[in-house]
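Engineer: Dropping a structure here in structure tokens format, bear with me for questions.
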Amino acid sequence: MPMNPDETRRQEIDWESCTFEGSEREQLRVWSRLPLRRKLMALEEMGDLARKMLEWRKARGLPYIDPFTGELVKGGTQPT
């Protein structure tokens, strides 16, 4: 007897990946399959985003972690 679509969809769900550990495992599996060039591009994009976020926080006088010293830099007053 053929299954209805709901039963088929339920069987396709990997419930192991629906936990924090399972999600992390899946992310690592996907990352490990990327070619080196794509991994390097992703790292560059992450660095660009981190620099933009740091500048955004500095411009608004918000606290941030100094990327060179690792120390917390307390926010000041916002520029007018």
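Identifiers for the structure tokens are assigned positionally: chains receive A, B, ... in sequence, residues are indexed from 1 per chain, and ligands are indexed from 1 in the order shown.
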Identify all residues of chain A in strand (DSSP E) (DSSP on the backbone) and supply them as a list of chain:residue names.

Structural biologist: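 Residues meeting the strand (DSSP E) criterion: A:Tyr64, A:Ile65, A:Leu72, A:Val73.
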
Engineer: Using C-alpha atoms, can you write the selected residues to a file as a compact mmCIF listing (two decimals), in the first residue's frame?

Structural biologist:
# COMPACT_ATOMS: atom_id res chain seq x y z
CA TYR A 64 33.59 46.59 21.33
CA ILE A 65 36.42 44.10 21.67
CA LEU A 72 36.97 45.49 25.92
CA VAL A 73 36.85 49.10 24.76

Engineer: Quick one: everything within 12 Å of Arg51 in chain A, counting only C-alpha atoms, minus sequence neighbours fewer than 4 positions away in the same chain. Send it as number ranges by chain.

Structural biologist: A: 44-47, 55-58, 64-67

Engineer: Can you write just those residues out, C-alpha atoms, as a compact mmCIF listing (two decimals), in the first residue's frame?

Structural biologist:
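Generated file (part17.txt):
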# COMPACT_ATOMS: atom_id res chain seq x y z
CA GLU A 44 37.45 36.76 3.63
CA GLU A 45 33.74 37.61 3.68
CA MET A 46 33.57 36.89 7.43
CA GLY A 47 36.57 39.16 8.04
CA GLU A 55 33.44 50.28 12.57
CA TRP A 56 29.65 50.48 13.00
CA ARG A 57 29.99 50.03 16.79
CA LYS A 58 32.86 52.56 17.01
CA TYR A 64 33.59 46.59 21.33
CA ILE A 65 36.42 44.10 21.67
CA ASP A 66 39.71 45.39 20.27
CA PRO A 67 40.76 42.79 17.65

Engineer: Please report the interatomic distance between CA of Gly61 in chain A and CA of Asp48 in chain A in Å with one decimal.

Structural biologist: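 Distance between the two atoms: 20.2 Å.
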
Engineer: Looking only at helix (DSSP H, G or I) from DSSP on the backbone, list the matching residues of range 41-76 of chain A as a ChimeraX atom specification.

Structural biologist: /A:41-59
